[in-house]
Amino acid sequence: MRSSSAPSSGNLACDACRLKKLRCSKDRPSCSACLQNRRQCRYSSHVVRSPLTRAYLTSVERRLHNLESLFTKLLPEVDIEESLASESSQPRAASQNAGRRPSLAMPPTPVPKESVNTPESVPPEADGFDWQEEASSVNELTDGMAALTIEPTGNGYLGSTAGVFFLRSLLFWLGDRQPSPTVRQENPGFPGSLDQSITSSRLLNAVTSHQVMDKLIDSYFSIYHLTYPFVHEATFRAQYHEIIPRPPQRSWQMLLYTILALGAWCLNSGQPDLDDHLYHCAISFGEDDSMFESANLTFVQALVLLSNLAQKRNKPNTGWNFLGLATRMALSLGLHRALPEWNISLLQREMRCRVWWGLYTFDSGASTTFGRPILLPGRNEMDVQYVLNIPDKALTPQTTVLPEEVPQPTLYSGLKAQSDFHVHSNNISNRLLSTKGVSPEEALAMNQELEAWSKTLPAYFSLDDFTSGTDQWFLFARSRLWWRFWNLRTTLFRQLLLRQVISKSGRHTAPAPNSVEEECTAICINAAHLTIGSINRYLANKTLTRLEGWYTTFFLFHACLVIALAILGDATSHEAPSWKEDIEMALNIFRNILKDNHLAARCADILDRILPAGLQGIRDADMTLFGPNAAESFGWSTDFDQMLGSFGWPDAGQGYPSV
């Protein structure tokens, strides 16, 4: 007999109405909303999920404890840990014997740990990399930074340049295999300037009023646009007020609602439902065939901005898909080509450049963040010029003579510099994803390429220049560029640092590091140290925007993992006091300056579990923050080269010189 508490499939709204949080008529075979919008109507069956409550988890833990006690009582001569290891290493045999009563007389023969060698962290099932990020199923432990969620199941593939790849390696080397699931609820909002007396429901109903829309558009252009100027403000506002014709209806509506959603996200208004509602409104304009059967510049702008919003809302794979579609659209529109004979206005030509390079920087950054190959064209396959470093007033629809670039910072200086950075460094990001591995000598050569690039930057990007630009938007653009530069450096060298720390720990037999490897690890630690110091100075006496808070959290956490590893490897080093100051500084930032950011709180908790109280010596890592199956994702080996292989890094002779 069916329980009265379980909803029947006939009482559920259709998939589209549930996704958009709309009232559904529940008519079969198609509801009235789907009929009106001419889309296919689907009714999925109700999915029963285990409740993620403390009471439920406590009951599961108590039951597990009782079962282990019973096992020990019935089979005192059997080691339960060895039995579990043997069982997990023989999945086919287990499946073939399903349904048979197990023999209690003969315990299974354990497989030696030395033989376990998992090239990368993989889910247990063939469909384990499948992911779903709709509103009803987003994992509360998922993060858009791809840095905190170590369990691979349901999160998509994350490769070796992803922050979580290094965190997995570090945590597993520390060796705790007894996770206890802890779920941290997301902070429902941030204090902000939007009138708190307006309830969430009223905001949703009033979002189409000009007063609310004007406020959200102002928020977008006063915060987000200063960092990512991919939309021409004067043109957009003229289209919004219908002073000039708007682009095709669906693409314009998608762009409008994306800008509204980003404006709401930047407001920190304490109304989390607002940006969520606007985000789903934006993507609803692309749900029919028109998104796949047409292309225009406005569509590309909307998709690029939607990708970043999805990532910031902790839907990294959704954002990744938006970027993929935007890239194909952009290439089909020829945004990667200069096309000098084309008779279009100078502003239209420049806007094509801005949209292309905005897409280029987003896709390059996301690919490196997620550890996935960068599939964009190289400099030889595109001849479009970088954006012009000019003030907005120098280029209007009436401009007929190309304005000269200025020698001081403008709104487009950061976009131009970051574009050039990715053009010169994407080959490094892709090289780090190679299965062959990178030798210390090759890593140093790539670092020299980065160093040479940094010397080509305009003088106003120097961190020692205190006169060229004092506007907050430029200080953020300059700082973020250097944080990205140092982050790639730490990514380039951090596996070498872990190799060296492991060899010094005495846990594994390994060749002593040579002078080249010592130089590599010194560069890695210094880049992390510079990042933490720079972020601390940047945050001094500032009121942060939500966008600034996201990026400072991202870069600060990656740097902290490197410093934490340095402390674990040599707590008695003469540099250890400086490293400990870095960690204490970072914890203060995470817990106080970024206290309203739930991802920052998770970062601080992870650091506390990696490093012991007082920052002395090595301790086992507490993996309670990473999900119930986190530790099961790893293989372990006591052989040094096999252990590096389990991290997805090369053995000696595969990228590293044999000693």
# chains A, B, ... in the order shown; residues from 1 in each chain; ligands from 1

$ residues_around --residues "A:Leu496" --least-positions-apart "6" --cutoff "8 Å" --atoms "only C-alpha atoms" --output "list in words"
Pro440, Glu517, Cys520 and Thr521 of chain A

$ write_last_selection --atoms "C-alpha atoms" --output "PDB file, in the first residue's frame"
ATOM      1  CA  PRO A 440      61.155  20.512 -13.139  1.00  0.00           C
ATOM      2  CA  GLU A 517      63.434  21.016  -7.710  1.00  0.00           C
ATOM      3  CA  CYS A 520      60.736  25.150  -8.305  1.00  0.00           C
ATOM      4  CA  THR A 521      59.295  24.767  -4.819  1.00  0.00           C
TER       5      THR A 521
END

$ closest_atom_pairs --of "stretch 430-494 of chain A" --to "stretch 159-166 of chain A" --cutoff "7 Å" --atoms "only C-alpha atoms" --output "Markdown table"
| residue | atom | partner | partner_atom | distance |
| --- | --- | --- | --- | --- |
| A:Leu432 | CA | A:Thr161 | CA | 6.8 |
| A:Leu433 | CA | A:Ser160 | CA | 6.0 |
| A:Thr491 | CA | A:Thr161 | CA | 6.4 |

$ residues_around --residues "A:Met351" --least-positions-apart "3" --cutoff "10 Å" --atoms "only C-alpha atoms" --output "number ranges by chain"
A: 229-232, 297, 335, 345-348, 354-357, 387

$ write_last_selection --atoms "C-alpha atoms" --output "tab-separated table (two decimals), in the first residue's frame"
chain	number	residue	atom	x	y	z
A	229	PRO	CA	32.75	45.60	-19.77
A	230	PHE	CA	31.22	43.36	-22.43
A	231	VAL	CA	28.04	45.40	-22.94
A	232	HIS	CA	28.10	48.97	-24.23
A	297	LEU	CA	25.90	39.21	-30.93
A	335	LEU	CA	34.16	37.34	-33.89
A	345	SER	CA	30.81	51.37	-37.73
A	346	LEU	CA	33.89	51.63	-35.52
A	347	LEU	CA	31.76	51.09	-32.42
A	348	GLN	CA	30.19	47.95	-33.88
A	354	ARG	CA	35.01	43.27	-26.56
A	355	VAL	CA	32.55	40.40	-26.70
A	356	TRP	CA	35.13	38.05	-28.24
A	357	TRP	CA	37.83	38.82	-25.69
A	387	VAL	CA	40.24	45.84	-27.25

$ closest_atom_pairs --of "stretch 303-398 of chain A" --to "stretch 124-134 of chain A" --cutoff "9 Å" --atoms "only C-alpha atoms" --output "Markdown table"
| residue | atom | partner | partner_atom | distance |
| --- | --- | --- | --- | --- |
| A:Asn314 | CA | A:Glu133 | CA | 8.8 |
| A:Lys315 | CA | A:Glu133 | CA | 6.0 |
| A:Pro316 | CA | A:Glu133 | CA | 8.6 |
| A:Asn317 | CA | A:Glu133 | CA | 7.7 |
| A:Thr318 | CA | A:Glu133 | CA | 6.8 |

$ write_last_selection --atoms "N, CA and C atoms" --output "short mmCIF file (atom, residue, chain, number, x, y, z; two decimals), in the first residue's frame"
data_model
loop_
_atom_site.label_atom_id
_atom_site.label_comp_id
_atom_site.auth_asym_id
_atom_site.auth_seq_id
_atom_site.Cartn_x
_atom_site.Cartn_y
_atom_site.Cartn_z
N ASN A 314 27.30 28.78 -7.95
CA ASN A 314 27.72 27.41 -7.65
C ASN A 314 27.07 26.38 -8.56
N LYS A 315 26.98 26.75 -9.85
CA LYS A 315 26.56 25.81 -10.90
C LYS A 315 27.65 25.80 -11.97
N PRO A 316 28.83 25.27 -11.65
CA PRO A 316 29.97 25.40 -12.56
C PRO A 316 29.77 24.70 -13.90
N ASN A 317 29.17 23.52 -13.89
CA ASN A 317 29.00 22.79 -15.16
C ASN A 317 27.95 23.44 -16.05
N THR A 318 26.92 24.02 -15.44
CA THR A 318 25.93 24.76 -16.23
C THR A 318 26.60 25.94 -16.92
#

$ closest_residue --among "A:Ser454, A:Ser294, A:Thr368, A:Gln408" --to "A:Ala146" --atoms "only C-alpha atoms"
A:Thr368

$ closest_atom_pairs --of "stretch 511-617 of chain A" --to "stretch 257-279 of chain A" --cutoff "8 Å" --atoms "only C-alpha atoms" --output "CSV"
residue,atom,partner,partner_atom,distance
A:Thr545,CA,A:Cys266,CA,6.9
A:Arg546,CA,A:Cys266,CA,5.7
A:Leu547,CA,A:Cys266,CA,6.7

$ residues_around --residues "stretch 531-537 of chain A" --least-positions-apart "4" --cutoff "10 Å" --atoms "only C-alpha atoms" --output "JSON, numbers by chain"
{"A": [463, 479, 480, 482, 483, 484, 485, 486, 487, 525, 526, 527, 541, 542, 551, 552, 553, 555, 556, 557, 558, 559, 560, 563, 581, 582, 583, 585, 586, 588, 589, 593]}

$ residues_around --residues "A:Leu402" --least-positions-apart "6" --cutoff "12 Å" --atoms "only C-alpha atoms" --output "PyMOL selection string"
chain A and resi 345-347+349-350+388-390+394-396

$ atom_distance --atom1 "atom CA of A:His210" --atom2 "atom CA of A:Tyr224"
20.2 Å

$ select_by_dssp --residues "stretch 358-593 of chain A" --states "helix (DSSP H, G or I)" --output "VMD selection string"
chain A and resid 358 to 370 379 to 381 392 to 394 413 to 432 440 to 454 459 to 461 472 to 505 515 to 539 546 to 569 576 to 593

$ atom_distance --atom1 "atom CA of A:Gly378" --atom2 "atom CA of A:Val423"
7.0 Å

$ atom_distance --atom1 "atom CA of A:Trp320" --atom2 "atom CA of A:Asn308"
8.8 Å

$ residues_around --residues "A:Leu492" --least-positions-apart "3" --cutoff "7 Å" --atoms "only C-alpha atoms" --output "ChimeraX atom specification"
/A:443,488-489

$ write_last_selection --atoms "C-alpha atoms" --output "short mmCIF file (atom, residue, chain, number, x, y, z; two decimals), in the first residue's frame"
data_model
loop_
_atom_site.label_atom_id
_atom_site.label_comp_id
_atom_site.auth_asym_id
_atom_site.auth_seq_id
_atom_site.Cartn_x
_atom_site.Cartn_y
_atom_site.Cartn_z
CA ALA A 443 58.29 23.88 -15.46
CA LEU A 488 49.13 29.86 -12.45
CA ARG A 489 52.64 29.81 -11.00
#

$ closest_residue --among "A:Asn592, A:Gln398, A:Trp173, A:Leu565" --to "A:Ile344" --atoms "only C-alpha atoms"
A:Gln398

$ residues_around --residues "A:Ala417" --least-positions-apart "3" --cutoff "10 Å" --atoms "only C-alpha atoms" --output "PyMOL selection string"
chain A and resi 386-387+389+412-414+420-423+454+456-458+461+477-478+481
